[in-house]
Every structure is written in structure tokens, then in C-alpha cells.
Amino acid sequence: MSEIQTMDADWLEFHPDPKVPDFKLPEGAVDAHCHVFGPSPEFPFAPERKYTPCNAGKDQLYALRDHLGFARNVIVQATCHGKDNSAMVDACRTAGDLARGIASVGAEITEAEIAEMDAAGVRGVRFNFVKRLVDSTPQEVFLTIADKIKAFGWHIVVYFEAQDLEELEPFLKKLPTTLVVDHMGRPDVTKGVDHPDFQRFIRLMEENETIWSKVTCPERLTKAGPPYDDVVPYPAAIVDRFPDRVLWGTDWPHPNMKSHMPDDGALVDFIPRIAPAPEQQQKLLVDNPMRLYWA
Ligand code: 0GY
């Protein structure tokens, strides 16, 4: 008998009624970091998951896309689905050319399986180093996967926290594809942009032209809460220095938000605070994601 998958007691569901943003997104804007959860039981959550979320399926994601004014999505496999990418792949297939995906796979993945996901719109894999989300994976496993996916022109999305970058850096430099770092490597925003941890991340991008950053998740990084004034200097610094290697996304349906659930419309209104110039906005929201995911 299959397990009943009830969401965690402290789980916050996504905002039921986000505002229409005041900021008008440029035409063709891409929400380059979002997830689907289930819905279970059609797409059950993985036995090894560290949390059980609410259901948040493709129909709700695409309704949000239209409501906010996005044209496209990049759907990142969430850890609650483990290496079963079927909900994400199904969502990509439904959207046709309007969605791309990032998968989680093991070293046993075959060329045929990669090709099948590629045809559905998957363009990369995610390597997750955040200990509260996943059990650790040996580096050789990641290197084997990297070797297999690079032939397809895929890239690697990496998720880690600022304090782990120093140890991780030599390994990241061994990876043979473009790397996209989730949420700027999660800086501690109480420390200031001049803190060595954030400067290490800036240096990493400066010295490695194949490293990109998602300037995402003020709602995760903030200590002050909405409207996330304490986060602004971090993404603003990255957008200013690396305008051609940044991506933006909602992170809907916002896994593991325990303090508050953001209004996705208000998150869109955060964009001009970190990318004030129209040219920056065009690159962040359209040109960069189109080059990486749709070229
Ligand atoms: C995010 C952040 C988180 C979770 C996941 O796949 C996931 O479970 O990515 C988190 O808890 O910080 O990017 O969605």
C-alpha cells in the first residue's frame, strides 16, 4: 500500500492571491527558477525526501506565469521528488517550448534517458550541497554525471551555502560545463557585501566566465522581512558587475519558507531594485535565460 503523503505540519502553502506586479516585465520574460510539487498521488514525493510539501502542480504554475506576466519558465527539480523527474518533465512537455527543465539524476543515467529528457526540454542537472535538503553525494558521482551530460550541451546548477564555498571551490572549478549558482550562493545578509564570504563569491564569478548566478530569493535570505531592503545590495552588486551572467526567478512555490510566504507579485516588484536600468532588466529576464536555455 502506498504511503499517505500529508504535508508537514509547519509547511506554508504558496500565496493564494498574489498581486499584479507594478513592475511591467519585458516581453518574453523568463521565470528561471521555479518548481512543481506533485500533485501527489499522480507524482508521489520521493521516499528519501527531507520534507513533504503541499501540492503545487503545473496548472497552478502556469496560471501564476500568466498572472505575473512571464512568458516562460525554467522548472528546477525539487529535492522532495528525489531523482524521479517525472512531474518536472511532464510540466515541461505540457508547456512545449515555453518551459525548460533542470533534472536531478544519478551516475547510472543512460544516454537514452538523457536524450529523452532533452527532447522534453531539460537542459541541465542540479548538484545540491545543502545538507538539510539532501544526503551528501560523492564528488566522483557528480563528475560522472557531468561527463555524461556535457555531450548534450547541458549545464549544471549548483546549490550551496556561503560558508561552504571555500571548501567547494576547487571541485566547482573541475566541472566541465557552464555552472549556474542558485541564490548567489546564499550570502549571510547580516555580514555586508564587503564580507570575505560574499567577496569570495564575487571573485569566483570574476575569475570564471562560465559561472553564472541566480539573483534570487530575497525572501529566503532576508532577516528584516518584506520588502527585503537588507538583501538589495547583494543581487544589485552582482547584476552591476556581471549583467550577462545573471538569471531571475520566483522560486515558486517557495519550499521551506517557515517565517513568511512571499507575495509573488511583490517579488516581481523587487526586480527593478536590483536591476534598475532597462538594459539590465532585458538581459536578466530575457536575453540571458534565452541564450542559456533556448538557444
Ligand atoms: C529552492 C530552495 C530550497 C529547496 C529546494 O529542491 C529543493 O528542495 O531547492 C531551500 O529549501 O532552500 O531553491 O527552492
# chains A, B, ... in the order shown; residues from 1 in each chain; ligands from 1
>>> residues_near_ligand(ligand="ligand 1", cutoff="10 Å", atoms="only C-alpha atoms and all ligand atoms", output="PyMOL selection string")
chain A and resi 33-37+49-53+76-82+104+126+128+130+132-134+159-161+182-183+186+214+216-217+220-221+249-258
>>> residues_around(residues="stretch 63-69 of chain A", least_positions_apart="5", cutoff="7 Å", atoms="only C-alpha atoms", output="list in words")
Val20, Pro21, Leu25 and Gly265 of chain A
>>> write_last_selection(atoms="C-alpha atoms", output="PDB file, in the first residue's frame")
ATOM      1  CA  VAL A  20      -0.499  42.018 -10.137  1.00  0.00           C
ATOM      2  CA  PRO A  21       3.032  43.467 -10.127  1.00  0.00           C
ATOM      3  CA  LEU A  25       8.086  42.669 -17.114  1.00  0.00           C
ATOM      4  CA  GLY A 265       3.763  39.892  -7.361  1.00  0.00           C
TER       5      GLY A 265
END
>>> atom_distance(atom1="atom CA of A:Asp188", atom2="atom CA of A:Pro218")
11.3 Å
>>> atom_distance(atom1="atom CA of A:Asp22", atom2="atom CA of A:Arg273")
12.5 Å
>>> select_by_dssp(residues="stretch 28-244 of chain A", states="alpha helix (DSSP H)", output="PDB file with N, CA and C atoms, in the first residue's frame")
ATOM      1  N   LYS A  58       1.655  21.825 -12.169  1.00  0.00           N
ATOM      2  CA  LYS A  58       1.941  22.632 -13.373  1.00  0.00           C
ATOM      3  C   LYS A  58       0.821  23.617 -13.691  1.00  0.00           C
ATOM      4  N   ASP A  59      -0.443  23.234 -13.473  1.00  0.00           N
ATOM      5  CA  ASP A  59      -1.534  24.150 -13.840  1.00  0.00           C
ATOM      6  C   ASP A  59      -1.449  25.429 -13.009  1.00  0.00           C
ATOM      7  N   GLN A  60      -1.134  25.246 -11.729  1.00  0.00           N
ATOM      8  CA  GLN A  60      -1.012  26.421 -10.853  1.00  0.00           C
ATOM      9  C   GLN A  60       0.216  27.253 -11.235  1.00  0.00           C
ATOM     10  N   LEU A  61       1.301  26.560 -11.612  1.00  0.00           N
ATOM     11  CA  LEU A  61       2.498  27.289 -12.025  1.00  0.00           C
ATOM     12  C   LEU A  61       2.222  28.133 -13.273  1.00  0.00           C
ATOM     13  N   TYR A  62       1.534  27.546 -14.232  1.00  0.00           N
ATOM     14  CA  TYR A  62       1.321  28.282 -15.482  1.00  0.00           C
ATOM     15  C   TYR A  62       0.267  29.384 -15.315  1.00  0.00           C
ATOM     16  N   ALA A  63      -0.648  29.205 -14.379  1.00  0.00           N
ATOM     17  CA  ALA A  63      -1.590  30.297 -14.073  1.00  0.00           C
ATOM     18  C   ALA A  63      -0.822  31.471 -13.458  1.00  0.00           C
ATOM     19  N   LEU A  64       0.137  31.154 -12.591  1.00  0.00           N
ATOM     20  CA  LEU A  64       0.951  32.218 -11.974  1.00  0.00           C
ATOM     21  C   LEU A  64       1.799  32.924 -13.040  1.00  0.00           C
ATOM     22  N   ARG A  65       2.392  32.126 -13.924  1.00  0.00           N
ATOM     23  CA  ARG A  65       3.188  32.708 -15.028  1.00  0.00           C
ATOM     24  C   ARG A  65       2.371  33.784 -15.756  1.00  0.00           C
ATOM     25  N   ASP A  66       1.145  33.430 -16.124  1.00  0.00           N
ATOM     26  CA  ASP A  66       0.309  34.356 -16.891  1.00  0.00           C
ATOM     27  C   ASP A  66      -0.108  35.555 -16.044  1.00  0.00           C
ATOM     28  N   HIS A  67      -0.403  35.301 -14.791  1.00  0.00           N
ATOM     29  CA  HIS A  67      -0.843  36.374 -13.887  1.00  0.00           C
ATOM     30  C   HIS A  67       0.268  37.415 -13.692  1.00  0.00           C
ATOM     31  N   LEU A  68       1.505  36.941 -13.552  1.00  0.00           N
ATOM     32  CA  LEU A  68       2.620  37.863 -13.286  1.00  0.00           C
ATOM     33  C   LEU A  68       3.126  38.531 -14.567  1.00  0.00           C
ATOM     34  N   SER A  86       9.681  12.877 -13.066  1.00  0.00           N
ATOM     35  CA  SER A  86       8.503  12.804 -13.933  1.00  0.00           C
ATOM     36  C   SER A  86       7.568  14.000 -13.805  1.00  0.00           C
ATOM     37  N   ALA A  87       7.395  14.578 -12.621  1.00  0.00           N
ATOM     38  CA  ALA A  87       6.498  15.743 -12.502  1.00  0.00           C
ATOM     39  C   ALA A  87       7.079  16.931 -13.268  1.00  0.00           C
ATOM     40  N   MET A  88       8.381  17.128 -13.123  1.00  0.00           N
ATOM     41  CA  MET A  88       9.035  18.247 -13.821  1.00  0.00           C
ATOM     42  C   MET A  88       8.999  18.034 -15.342  1.00  0.00           C
ATOM     43  N   VAL A  89       9.291  16.820 -15.781  1.00  0.00           N
ATOM     44  CA  VAL A  89       9.303  16.530 -17.223  1.00  0.00           C
ATOM     45  C   VAL A  89       7.890  16.661 -17.800  1.00  0.00           C
ATOM     46  N   ASP A  90       6.897  16.178 -17.055  1.00  0.00           N
ATOM     47  CA  ASP A  90       5.509  16.295 -17.507  1.00  0.00           C
ATOM     48  C   ASP A  90       5.126  17.783 -17.642  1.00  0.00           C
ATOM     49  N   ALA A  91       5.552  18.591 -16.690  1.00  0.00           N
ATOM     50  CA  ALA A  91       5.247  20.031 -16.755  1.00  0.00           C
ATOM     51  C   ALA A  91       5.924  20.664 -17.968  1.00  0.00           C
ATOM     52  N   CYS A  92       7.148  20.256 -18.255  1.00  0.00           N
ATOM     53  CA  CYS A  92       7.851  20.782 -19.439  1.00  0.00           C
ATOM     54  C   CYS A  92       7.121  20.370 -20.716  1.00  0.00           C
ATOM     55  N   ARG A  93       6.722  19.117 -20.781  1.00  0.00           N
ATOM     56  CA  ARG A  93       6.045  18.644 -22.003  1.00  0.00           C
ATOM     57  C   ARG A  93       4.754  19.417 -22.226  1.00  0.00           C
ATOM     58  N   THR A  94       4.026  19.663 -21.144  1.00  0.00           N
ATOM     59  CA  THR A  94       2.749  20.384 -21.258  1.00  0.00           C
ATOM     60  C   THR A  94       2.959  21.782 -21.818  1.00  0.00           C
ATOM     61  N   ALA A  95       4.039  22.431 -21.393  1.00  0.00           N
ATOM     62  CA  ALA A  95       4.279  23.816 -21.830  1.00  0.00           C
ATOM     63  C   ALA A  95       4.911  23.881 -23.208  1.00  0.00           C
ATOM     64  N   GLU A 111      22.547   7.420 -21.710  1.00  0.00           N
ATOM     65  CA  GLU A 111      22.467   8.384 -22.810  1.00  0.00           C
ATOM     66  C   GLU A 111      21.032   8.489 -23.325  1.00  0.00           C
ATOM     67  N   ALA A 112      20.360   7.338 -23.411  1.00  0.00           N
ATOM     68  CA  ALA A 112      18.976   7.340 -23.916  1.00  0.00           C
ATOM     69  C   ALA A 112      18.060   8.114 -22.975  1.00  0.00           C
ATOM     70  N   GLU A 113      18.282   7.975 -21.676  1.00  0.00           N
ATOM     71  CA  GLU A 113      17.439   8.706 -20.715  1.00  0.00           C
ATOM     72  C   GLU A 113      17.703  10.211 -20.797  1.00  0.00           C
ATOM     73  N   ILE A 114      18.962  10.560 -20.967  1.00  0.00           N
ATOM     74  CA  ILE A 114      19.279  11.992 -21.113  1.00  0.00           C
ATOM     75  C   ILE A 114      18.625  12.535 -22.385  1.00  0.00           C
ATOM     76  N   ALA A 115      18.725  11.758 -23.463  1.00  0.00           N
ATOM     77  CA  ALA A 115      18.147  12.202 -24.743  1.00  0.00           C
ATOM     78  C   ALA A 115      16.638  12.388 -24.618  1.00  0.00           C
ATOM     79  N   GLU A 116      15.993  11.489 -23.880  1.00  0.00           N
ATOM     80  CA  GLU A 116      14.542  11.585 -23.724  1.00  0.00           C
ATOM     81  C   GLU A 116      14.174  12.862 -22.941  1.00  0.00           C
ATOM     82  N   MET A 117      14.937  13.133 -21.887  1.00  0.00           N
ATOM     83  CA  MET A 117      14.658  14.354 -21.117  1.00  0.00           C
ATOM     84  C   MET A 117      14.985  15.591 -21.946  1.00  0.00           C
ATOM     85  N   ASP A 118      16.038  15.497 -22.733  1.00  0.00           N
ATOM     86  CA  ASP A 118      16.415  16.626 -23.588  1.00  0.00           C
ATOM     87  C   ASP A 118      15.268  16.961 -24.548  1.00  0.00           C
ATOM     88  N   ALA A 119      14.662  15.933 -25.100  1.00  0.00           N
ATOM     89  CA  ALA A 119      13.547  16.155 -26.036  1.00  0.00           C
ATOM     90  C   ALA A 119      12.364  16.808 -25.333  1.00  0.00           C
ATOM     91  N   ALA A 120      12.228  16.559 -24.038  1.00  0.00           N
ATOM     92  CA  ALA A 120      11.124  17.174 -23.276  1.00  0.00           C
ATOM     93  C   ALA A 120      11.439  18.612 -22.877  1.00  0.00           C
ATOM     94  N   GLN A 139      31.909  13.181  -4.747  1.00  0.00           N
ATOM     95  CA  GLN A 139      32.281  14.030  -5.887  1.00  0.00           C
ATOM     96  C   GLN A 139      32.446  13.228  -7.173  1.00  0.00           C
ATOM     97  N   GLU A 140      32.921  11.961  -7.049  1.00  0.00           N
ATOM     98  CA  GLU A 140      33.107  11.157  -8.275  1.00  0.00           C
ATOM     99  C   GLU A 140      31.774  10.936  -8.990  1.00  0.00           C
ATOM    100  N   VAL A 141      30.711  10.826  -8.181  1.00  0.00           N
ATOM    101  CA  VAL A 141      29.384  10.635  -8.788  1.00  0.00           C
ATOM    102  C   VAL A 141      29.014  11.881  -9.598  1.00  0.00           C
ATOM    103  N   PHE A 142      29.207  13.046  -8.993  1.00  0.00           N
ATOM    104  CA  PHE A 142      28.899  14.281  -9.718  1.00  0.00           C
ATOM    105  C   PHE A 142      29.756  14.390 -10.991  1.00  0.00           C
ATOM    106  N   LEU A 143      31.031  14.004 -10.890  1.00  0.00           N
ATOM    107  CA  LEU A 143      31.908  14.125 -12.063  1.00  0.00           C
ATOM    108  C   LEU A 143      31.458  13.175 -13.179  1.00  0.00           C
ATOM    109  N   THR A 144      31.006  11.986 -12.792  1.00  0.00           N
ATOM    110  CA  THR A 144      30.493  11.038 -13.797  1.00  0.00           C
ATOM    111  C   THR A 144      29.273  11.617 -14.501  1.00  0.00           C
ATOM    112  N   ILE A 145      28.358  12.197 -13.703  1.00  0.00           N
ATOM    113  CA  ILE A 145      27.152  12.790 -14.299  1.00  0.00           C
ATOM    114  C   ILE A 145      27.547  13.943 -15.230  1.00  0.00           C
ATOM    115  N   ALA A 146      28.453  14.780 -14.756  1.00  0.00           N
ATOM    116  CA  ALA A 146      28.874  15.948 -15.544  1.00  0.00           C
ATOM    117  C   ALA A 146      29.425  15.503 -16.897  1.00  0.00           C
ATOM    118  N   ASP A 147      30.198  14.429 -16.854  1.00  0.00           N
ATOM    119  CA  ASP A 147      30.792  13.924 -18.072  1.00  0.00           C
ATOM    120  C   ASP A 147      29.720  13.442 -19.057  1.00  0.00           C
ATOM    121  N   LYS A 148      28.676  12.833 -18.509  1.00  0.00           N
ATOM    122  CA  LYS A 148      27.623  12.308 -19.387  1.00  0.00           C
ATOM    123  C   LYS A 148      26.759  13.420 -19.987  1.00  0.00           C
ATOM    124  N   ILE A 149      26.467  14.445 -19.209  1.00  0.00           N
ATOM    125  CA  ILE A 149      25.507  15.448 -19.709  1.00  0.00           C
ATOM    126  C   ILE A 149      26.165  16.504 -20.594  1.00  0.00           C
ATOM    127  N   LYS A 150      27.471  16.627 -20.480  1.00  0.00           N
ATOM    128  CA  LYS A 150      28.111  17.723 -21.226  1.00  0.00           C
ATOM    129  C   LYS A 150      27.998  17.508 -22.745  1.00  0.00           C
ATOM    130  N   LEU A 165      31.494  27.536   0.429  1.00  0.00           N
ATOM    131  CA  LEU A 165      32.128  27.812  -0.865  1.00  0.00           C
ATOM    132  C   LEU A 165      33.631  27.570  -0.852  1.00  0.00           C
ATOM    133  N   GLU A 166      34.292  27.982   0.229  1.00  0.00           N
ATOM    134  CA  GLU A 166      35.754  27.857   0.253  1.00  0.00           C
ATOM    135  C   GLU A 166      36.169  26.402  -0.001  1.00  0.00           C
ATOM    136  N   GLU A 167      35.497  25.480   0.700  1.00  0.00           N
ATOM    137  CA  GLU A 167      35.837  24.062   0.553  1.00  0.00           C
ATOM    138  C   GLU A 167      35.432  23.514  -0.820  1.00  0.00           C
ATOM    139  N   LEU A 168      34.355  24.048  -1.339  1.00  0.00           N
ATOM    140  CA  LEU A 168      33.778  23.528  -2.584  1.00  0.00           C
ATOM    141  C   LEU A 168      34.463  24.052  -3.843  1.00  0.00           C
ATOM    142  N   GLU A 169      35.114  25.200  -3.696  1.00  0.00           N
ATOM    143  CA  GLU A 169      35.601  25.919  -4.875  1.00  0.00           C
ATOM    144  C   GLU A 169      36.489  25.064  -5.801  1.00  0.00           C
ATOM    145  N   PRO A 170      37.464  24.327  -5.275  1.00  0.00           N
ATOM    146  CA  PRO A 170      38.314  23.532  -6.182  1.00  0.00           C
ATOM    147  C   PRO A 170      37.496  22.519  -6.975  1.00  0.00           C
ATOM    148  N   PHE A 171      36.463  21.956  -6.330  1.00  0.00           N
ATOM    149  CA  PHE A 171      35.625  20.989  -7.040  1.00  0.00           C
ATOM    150  C   PHE A 171      34.802  21.680  -8.125  1.00  0.00           C
ATOM    151  N   LEU A 172      34.227  22.824  -7.808  1.00  0.00           N
ATOM    152  CA  LEU A 172      33.408  23.534  -8.805  1.00  0.00           C
ATOM    153  C   LEU A 172      34.240  23.834 -10.052  1.00  0.00           C
ATOM    154  N   LYS A 173      35.502  24.158  -9.825  1.00  0.00           N
ATOM    155  CA  LYS A 173      36.363  24.513 -10.964  1.00  0.00           C
ATOM    156  C   LYS A 173      36.682  23.304 -11.847  1.00  0.00           C
ATOM    157  N   LYS A 174      36.473  22.112 -11.310  1.00  0.00           N
ATOM    158  CA  LYS A 174      36.720  20.895 -12.115  1.00  0.00           C
ATOM    159  C   LYS A 174      35.547  20.583 -13.038  1.00  0.00           C
ATOM    160  N   PRO A 196      34.272  38.801   3.565  1.00  0.00           N
ATOM    161  CA  PRO A 196      35.072  37.882   2.730  1.00  0.00           C
ATOM    162  C   PRO A 196      34.247  36.774   2.069  1.00  0.00           C
ATOM    163  N   ASP A 197      33.188  36.306   2.714  1.00  0.00           N
ATOM    164  CA  ASP A 197      32.395  35.226   2.097  1.00  0.00           C
ATOM    165  C   ASP A 197      31.737  35.692   0.802  1.00  0.00           C
ATOM    166  N   PHE A 198      31.146  36.883   0.824  1.00  0.00           N
ATOM    167  CA  PHE A 198      30.491  37.368  -0.391  1.00  0.00           C
ATOM    168  C   PHE A 198      31.545  37.791  -1.419  1.00  0.00           C
ATOM    169  N   GLN A 199      32.635  38.359  -0.938  1.00  0.00           N
ATOM    170  CA  GLN A 199      33.706  38.740  -1.859  1.00  0.00           C
ATOM    171  C   GLN A 199      34.313  37.507  -2.532  1.00  0.00           C
ATOM    172  N   ARG A 200      34.337  36.402  -1.826  1.00  0.00           N
ATOM    173  CA  ARG A 200      34.820  35.151  -2.425  1.00  0.00           C
ATOM    174  C   ARG A 200      33.932  34.757  -3.601  1.00  0.00           C
ATOM    175  N   PHE A 201      32.632  34.927  -3.407  1.00  0.00           N
ATOM    176  CA  PHE A 201      31.699  34.583  -4.477  1.00  0.00           C
ATOM    177  C   PHE A 201      31.871  35.520  -5.679  1.00  0.00           C
ATOM    178  N   ILE A 202      32.025  36.813  -5.400  1.00  0.00           N
ATOM    179  CA  ILE A 202      32.252  37.781  -6.486  1.00  0.00           C
ATOM    180  C   ILE A 202      33.526  37.408  -7.251  1.00  0.00           C
ATOM    181  N   ARG A 203      34.550  37.056  -6.496  1.00  0.00           N
ATOM    182  CA  ARG A 203      35.831  36.691  -7.130  1.00  0.00           C
ATOM    183  C   ARG A 203      35.678  35.445  -7.988  1.00  0.00           C
ATOM    184  N   LEU A 204      34.910  34.495  -7.483  1.00  0.00           N
ATOM    185  CA  LEU A 204      34.670  33.253  -8.244  1.00  0.00           C
ATOM    186  C   LEU A 204      34.068  33.591  -9.606  1.00  0.00           C
ATOM    187  N   MET A 205      33.097  34.486  -9.615  1.00  0.00           N
ATOM    188  CA  MET A 205      32.474  34.864 -10.888  1.00  0.00           C
ATOM    189  C   MET A 205      33.428  35.661 -11.757  1.00  0.00           C
ATOM    190  N   GLU A 206      34.221  36.507 -11.099  1.00  0.00           N
ATOM    191  CA  GLU A 206      35.176  37.324 -11.847  1.00  0.00           C
ATOM    192  C   GLU A 206      36.212  36.448 -12.556  1.00  0.00           C
ATOM    193  N   GLU A 207      36.668  35.426 -11.860  1.00  0.00           N
ATOM    194  CA  GLU A 207      37.767  34.603 -12.387  1.00  0.00           C
ATOM    195  C   GLU A 207      37.295  33.478 -13.297  1.00  0.00           C
ATOM    196  N   PRO A 218      15.223  36.827  -2.286  1.00  0.00           N
ATOM    197  CA  PRO A 218      15.326  37.776  -1.175  1.00  0.00           C
ATOM    198  C   PRO A 218      14.522  37.293   0.027  1.00  0.00           C
ATOM    199  N   GLU A 219      13.413  36.600  -0.256  1.00  0.00           N
ATOM    200  CA  GLU A 219      12.540  36.138   0.841  1.00  0.00           C
ATOM    201  C   GLU A 219      13.223  35.076   1.691  1.00  0.00           C
ATOM    202  N   ARG A 220      14.185  34.355   1.120  1.00  0.00           N
ATOM    203  CA  ARG A 220      14.941  33.337   1.870  1.00  0.00           C
ATOM    204  C   ARG A 220      16.099  33.941   2.637  1.00  0.00           C
ATOM    205  N   LEU A 221      16.705  34.969   2.041  1.00  0.00           N
ATOM    206  CA  LEU A 221      17.955  35.498   2.586  1.00  0.00           C
ATOM    207  C   LEU A 221      17.715  36.588   3.619  1.00  0.00           C
ATOM    208  N   PRO A 233      21.506  45.079  -1.667  1.00  0.00           N
ATOM    209  CA  PRO A 233      22.885  45.315  -2.127  1.00  0.00           C
ATOM    210  C   PRO A 233      23.569  44.091  -2.744  1.00  0.00           C
ATOM    211  N   TYR A 234      23.159  42.894  -2.370  1.00  0.00           N
ATOM    212  CA  TYR A 234      23.845  41.675  -2.847  1.00  0.00           C
ATOM    213  C   TYR A 234      23.514  41.397  -4.318  1.00  0.00           C
ATOM    214  N   PRO A 235      22.244  41.194  -4.662  1.00  0.00           N
ATOM    215  CA  PRO A 235      21.949  40.999  -6.083  1.00  0.00           C
ATOM    216  C   PRO A 235      22.283  42.227  -6.914  1.00  0.00           C
ATOM    217  N   ALA A 236      22.119  43.430  -6.351  1.00  0.00           N
ATOM    218  CA  ALA A 236      22.424  44.641  -7.128  1.00  0.00           C
ATOM    219  C   ALA A 236      23.905  44.655  -7.516  1.00  0.00           C
ATOM    220  N   ALA A 237      24.775  44.218  -6.593  1.00  0.00           N
ATOM    221  CA  ALA A 237      26.214  44.197  -6.894  1.00  0.00           C
ATOM    222  C   ALA A 237      26.519  43.186  -8.006  1.00  0.00           C
ATOM    223  N   ILE A 238      25.852  42.057  -7.961  1.00  0.00           N
ATOM    224  CA  ILE A 238      26.131  41.014  -8.964  1.00  0.00           C
ATOM    225  C   ILE A 238      25.593  41.422 -10.335  1.00  0.00           C
ATOM    226  N   VAL A 239      24.389  41.981 -10.358  1.00  0.00           N
ATOM    227  CA  VAL A 239      23.820  42.425 -11.637  1.00  0.00           C
ATOM    228  C   VAL A 239      24.694  43.513 -12.245  1.00  0.00           C
ATOM    229  N   ASP A 240      25.175  44.404 -11.410  1.00  0.00           N
ATOM    230  CA  ASP A 240      26.006  45.510 -11.901  1.00  0.00           C
ATOM    231  C   ASP A 240      27.313  45.001 -12.515  1.00  0.00           C
ATOM    232  N   ARG A 241      27.915  43.996 -11.877  1.00  0.00           N
ATOM    233  CA  ARG A 241      29.231  43.530 -12.348  1.00  0.00           C
ATOM    234  C   ARG A 241      29.157  42.472 -13.422  1.00  0.00           C
TER     235      ARG A 241
END
>>> residues_around(residues="A:Asn288", least_positions_apart="4", cutoff="12 Å", atoms="only C-alpha atoms", output="PyMOL selection string")
chain A and resi 28-32+180+212-214+239+242-248+279-284+292-295
>>> write_last_selection(atoms="N, CA, C and O atoms", output="short mmCIF file (atom, residue, chain, number, x, y, z; two decimals), in the first residue's frame")
data_model
loop_
_atom_site.label_atom_id
_atom_site.label_comp_id
_atom_site.auth_asym_id
_atom_site.auth_seq_id
_atom_site.Cartn_x
_atom_site.Cartn_y
_atom_site.Cartn_z
N GLY A 28 8.56 38.61 -23.19
CA GLY A 28 9.35 37.38 -23.28
C GLY A 28 10.10 37.04 -22.00
O GLY A 28 11.02 36.22 -22.02
N ALA A 29 9.74 37.63 -20.87
CA ALA A 29 10.48 37.40 -19.62
C ALA A 29 10.37 35.94 -19.16
O ALA A 29 9.34 35.29 -19.33
N VAL A 30 11.47 35.46 -18.58
CA VAL A 30 11.56 34.07 -18.14
C VAL A 30 11.64 34.01 -16.61
O VAL A 30 12.49 34.67 -16.01
N ASP A 31 10.79 33.20 -16.01
CA ASP A 31 10.91 32.86 -14.59
C ASP A 31 11.87 31.67 -14.55
O ASP A 31 11.48 30.52 -14.78
N ALA A 32 13.14 31.93 -14.26
CA ALA A 32 14.19 30.94 -14.45
C ALA A 32 14.51 30.10 -13.21
O ALA A 32 15.52 29.40 -13.17
N VAL A 180 25.58 27.33 -12.98
CA VAL A 180 24.65 28.37 -12.53
C VAL A 180 24.48 28.19 -11.02
O VAL A 180 24.07 27.12 -10.57
N TRP A 212 27.63 31.48 -13.66
CA TRP A 212 26.51 32.41 -13.64
C TRP A 212 25.90 32.40 -12.23
O TRP A 212 26.16 31.49 -11.44
N SER A 213 25.03 33.39 -11.98
CA SER A 213 24.34 33.40 -10.69
C SER A 213 22.86 33.71 -10.87
O SER A 213 22.49 34.58 -11.67
N LYS A 214 22.03 33.01 -10.12
CA LYS A 214 20.64 33.43 -9.99
C LYS A 214 20.58 34.47 -8.88
O LYS A 214 21.02 34.19 -7.75
N VAL A 239 24.39 41.98 -10.36
CA VAL A 239 23.82 42.42 -11.64
C VAL A 239 24.69 43.51 -12.25
O VAL A 239 24.96 43.52 -13.45
N PHE A 242 28.11 41.68 -13.40
CA PHE A 242 28.03 40.55 -14.33
C PHE A 242 26.67 40.53 -15.05
O PHE A 242 25.93 39.55 -14.97
N PRO A 243 26.35 41.60 -15.76
CA PRO A 243 24.99 41.71 -16.32
C PRO A 243 24.63 40.62 -17.31
O PRO A 243 23.45 40.33 -17.51
N ASP A 244 25.65 39.98 -17.90
CA ASP A 244 25.39 38.95 -18.91
C ASP A 244 25.36 37.54 -18.35
O ASP A 244 25.22 36.57 -19.09
N ARG A 245 25.52 37.41 -17.02
CA ARG A 245 25.56 36.06 -16.42
C ARG A 245 24.64 35.96 -15.21
O ARG A 245 24.98 35.30 -14.22
N VAL A 246 23.52 36.64 -15.28
CA VAL A 246 22.56 36.58 -14.17
C VAL A 246 21.19 36.14 -14.66
O VAL A 246 20.81 36.39 -15.81
N LEU A 247 20.47 35.45 -13.78
CA LEU A 247 19.12 34.97 -14.07
C LEU A 247 18.24 35.34 -12.88
O LEU A 247 18.73 35.49 -11.75
N TRP A 248 16.93 35.40 -13.14
CA TRP A 248 15.99 35.71 -12.05
C TRP A 248 14.82 34.73 -12.09
O TRP A 248 14.39 34.30 -13.17
N GLU A 279 18.19 48.17 -19.60
CA GLU A 279 19.09 47.22 -20.30
C GLU A 279 19.44 46.06 -19.38
O GLU A 279 19.58 44.92 -19.84
N GLN A 280 19.63 46.34 -18.09
CA GLN A 280 19.91 45.26 -17.13
C GLN A 280 18.70 44.32 -17.04
O GLN A 280 18.84 43.10 -16.99
N GLN A 281 17.53 44.89 -17.01
CA GLN A 281 16.30 44.09 -16.89
C GLN A 281 16.13 43.19 -18.12
O GLN A 281 15.76 42.02 -18.00
N GLN A 282 16.41 43.75 -19.28
CA GLN A 282 16.26 42.98 -20.53
C GLN A 282 17.22 41.77 -20.52
O GLN A 282 16.85 40.66 -20.89
N LYS A 283 18.45 41.98 -20.06
CA LYS A 283 19.42 40.88 -20.02
C LYS A 283 19.02 39.84 -18.98
O LYS A 283 19.01 38.63 -19.24
N LEU A 284 18.70 40.33 -17.78
CA LEU A 284 18.38 39.45 -16.65
C LEU A 284 17.16 38.57 -16.96
O LEU A 284 17.15 37.37 -16.64
N LEU A 292 20.84 30.83 -22.57
CA LEU A 292 21.26 29.62 -21.86
C LEU A 292 20.30 28.44 -22.09
O LEU A 292 20.73 27.29 -22.17
N TYR A 293 19.01 28.73 -22.18
CA TYR A 293 18.02 27.64 -22.18
C TYR A 293 17.32 27.40 -23.51
O TYR A 293 16.76 26.34 -23.73
N TRP A 294 17.31 28.43 -24.38
CA TRP A 294 16.51 28.27 -25.60
C TRP A 294 17.35 28.36 -26.88
O TRP A 294 16.82 28.26 -27.97
N ALA A 295 18.66 28.58 -26.77
CA ALA A 295 19.47 28.76 -27.99
C ALA A 295 19.62 27.41 -28.70
O ALA A 295 19.64 26.37 -28.07
#
>>> residues_around(residues="A:Asp230", least_positions_apart="3", cutoff="7 Å", atoms="only C-alpha atoms", output="list in words")
Val189, Thr222 and Ala224 of chain A
>>> select_by_dssp(residues="stretch 42-160 of chain A", states="strand (DSSP E or B)", output="PyMOL selection string")
chain A and resi 56+72-76+99-103+122-128+155-159
>>> closest_residue(among="A:Gly101, A:Pro26, A:Glu13, A:Met7", to="A:Val268", atoms="only C-alpha atoms")
A:Pro26
>>> atom_distance(atom1="atom CA of A:Ile4", atom2="atom CA of A:Glu48")
14.5 Å
